[in-house]
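For reference, the structure is listed below as structure tokens.
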Amino acid sequence: MPNTPSPVPARLPGAIWALGFVSLLMDISSEMIHSLLPVFMVTVLGTSMWAVGLIEGVAEATALIVKVFSGVLSDYWRKRKLLALLGYGLGAASKPLFALASTTGMVLTARLIDRVGKGIRGAPRDALVADLAPPGMRGAAFGLRQSLDTVGAFVGPLLAVGLMLLWANDFRAIFWVAVIPAFLAVALLLVGVKEPVPHADTAKRRNPISKVELRRLSAPYWRVVLIGAIFTLARFSEAFLVLRAMQTGLPIAYAPLVLVGMNIVYALGAYPFGKLSDTVSHNALLAGGLGVLIAADVLLAVSGHWALVAAGIALWGLHMAMTQGLLATMVAEVAPADLRGTAFGFFNLVSGLALLVASTVAGVLWDQLGASAAFVAGAVFSVVALAVLWGWRQRPG
């Protein structure tokens, strides 16, 4: 007798909401710092554009590479929450170091600790979302978490702008304030999220990176990994959006508004597009997001007028809303349930290496040929990703 499909519940579990608010609080803290960090490095510490790109690339790549190991451990131990707590704890502990930094090397150290924490928590948290979400609502679950995360990503810069105006551009005082929401995030995760008990058929410990287990990651999964890597080459660090806006004459105190604008669009779109991904073709939605990214890159490349740069930044946020939760959903759907941590880990390892290349190349192109060259390169990689999707449009999975 065929199995009767389980009805899709009307609401997402409370633990999904709790994870979303954990992300929101940590992102408020992180973006209060990161929205000011490129300007702080360039204007206070005298850091070059090449070094900014390298620091951003190394830091973000570190986070994504660490996700491989934390994802594998979460599958082996079946204890995703513990690793998430460790990761969020490291992120919180790194925040005071930014306020104390007096050299570019100290900023790099703080960024690496922060991003190691992000790497440790990333894959277990994403796998935990997939474990907690009803199968018919995975897109909505990832979209909700991403949306709340992104609310934090624009509340943080708004707070930074207000405090910059109130405290006469005192970077370090604002970095100290950012410590508070980071530790609140750790506390909420500790008390607000209960990890589900593993099913009997997945509770037995196995080595997730053994040859037998890795063979269970199918060809559709590796296609998602490849398209994610090409996509990441087109989407370098948002620090370059801040610096592009500064070229239009934006005052230093208002620099965080760049990420505010981008993340408002991102937050408003992430949940609706997440729900949409539960009912439409993933490849079609991803292709649409790539088209929007191409439009953003073109606007940012061809014009230095503030209005067109602002439009390009808004389109950048729209493409993030269309694609970031979608890529996570695609990984969750093509990976076995007991290998989701490992699957997210490898996906982010490859994406991390691509991000390191993308941010470093963007910094070099900016220094040598100007801002336009960096965004043109992003548009070219987006076209390549579209071509790959077009070639796979008839394939199953």
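In the structure tokens, chains take the letters A, B, ... in the order shown, each chain's residues start at 1, and ligands count up from 1 in the order shown.
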
So that I can check the surroundings of A:Pro38, please list as a PDB file with N, CA and C atoms, in the first residue's frame every protein, DNA and RNA residue that reaches within 7 Å of it, counting only C-alpha atoms and ignoring chain neighbours fewer than 2 positions away.
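part_8.pdb written:
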ATOM      1  N   LEU A  36      30.937  49.255   9.500  1.00  0.00           N
ATOM      2  CA  LEU A  36      31.923  50.321   9.694  1.00  0.00           C
ATOM      3  C   LEU A  36      33.350  49.854   9.449  1.00  0.00           C
ATOM      4  N   PHE A  40      36.680  51.973   8.747  1.00  0.00           N
ATOM      5  CA  PHE A  40      37.614  52.028   9.875  1.00  0.00           C
ATOM      6  C   PHE A  40      39.011  51.616   9.429  1.00  0.00           C
ATOM      7  N   MET A  41      39.108  50.530   8.656  1.00  0.00           N
ATOM      8  CA  MET A  41      40.417  50.063   8.213  1.00  0.00           C
ATOM      9  C   MET A  41      41.096  51.061   7.284  1.00  0.00           C
ATOM     10  N   VAL A  42      40.318  51.626   6.355  1.00  0.00           N
ATOM     11  CA  VAL A  42      40.908  52.526   5.362  1.00  0.00           C
ATOM     12  C   VAL A  42      41.243  53.886   5.957  1.00  0.00           C
ATOM     13  N   VAL A  52      42.029  45.138   2.191  1.00  0.00           N
ATOM     14  CA  VAL A  52      40.633  44.995   2.592  1.00  0.00           C
ATOM     15  C   VAL A  52      40.016  43.780   1.907  1.00  0.00           C
ATOM     16  N   ALA A 239      31.542  44.419   1.393  1.00  0.00           N
ATOM     17  CA  ALA A 239      32.393  45.566   1.750  1.00  0.00           C
ATOM     18  C   ALA A 239      32.619  46.467   0.538  1.00  0.00           C
TER      19      ALA A 239
END

Counting only C-alpha atoms, which residues in stretch 139-197 of chain A sit no more than 7 Å from stretch 11-15 of chain A? For each one, give the nearest pair of atoms and the distance in Å, sorted by chain then residue number, as JSON lines.
{"residue": "A:Ala141", "atom": "CA", "partner": "A:Leu12", "partner_atom": "CA", "distance": 6.9}
{"residue": "A:Gly192", "atom": "CA", "partner": "A:Ala15", "partner_atom": "CA", "distance": 6.9}
{"residue": "A:Val193", "atom": "CA", "partner": "A:Ala15", "partner_atom": "CA", "distance": 5.2}
{"residue": "A:Lys194", "atom": "CA", "partner": "A:Ala15", "partner_atom": "CA", "distance": 6.9}

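Between atom CA of A:Val260 and atom CA of A:Leu158 the separation is 6.5 Å.
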
(request) Can you check which residues of stretch 146-323 of chain A DSSP gives as helix (DSSP H, G or I) on the backbone and send them as a PyMOL selection string? (result) chain A and resi 146-166+171-177+179-192+211-214+219-233+239-246+252-254+257-277+282-302+306-323

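Using only C-alpha atoms, the smallest distance between any of A:Ala18, A:Leu355, A:Leu132, A:Ala343 and A:Ser74 comes from A:Ala343.
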
(message) Would you compute the distance between atom CA of A:Val384 and atom CA of A:Gly291? Give it in Å to one decimal.
(response) 11.3 Å

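Minimum atom-to-atom distances from A:Val298, A:Ala377, A:Leu97, A:Val22 to A:Ala362 were compared using only C-alpha atoms, and the lowest value belongs to A:Ala377.
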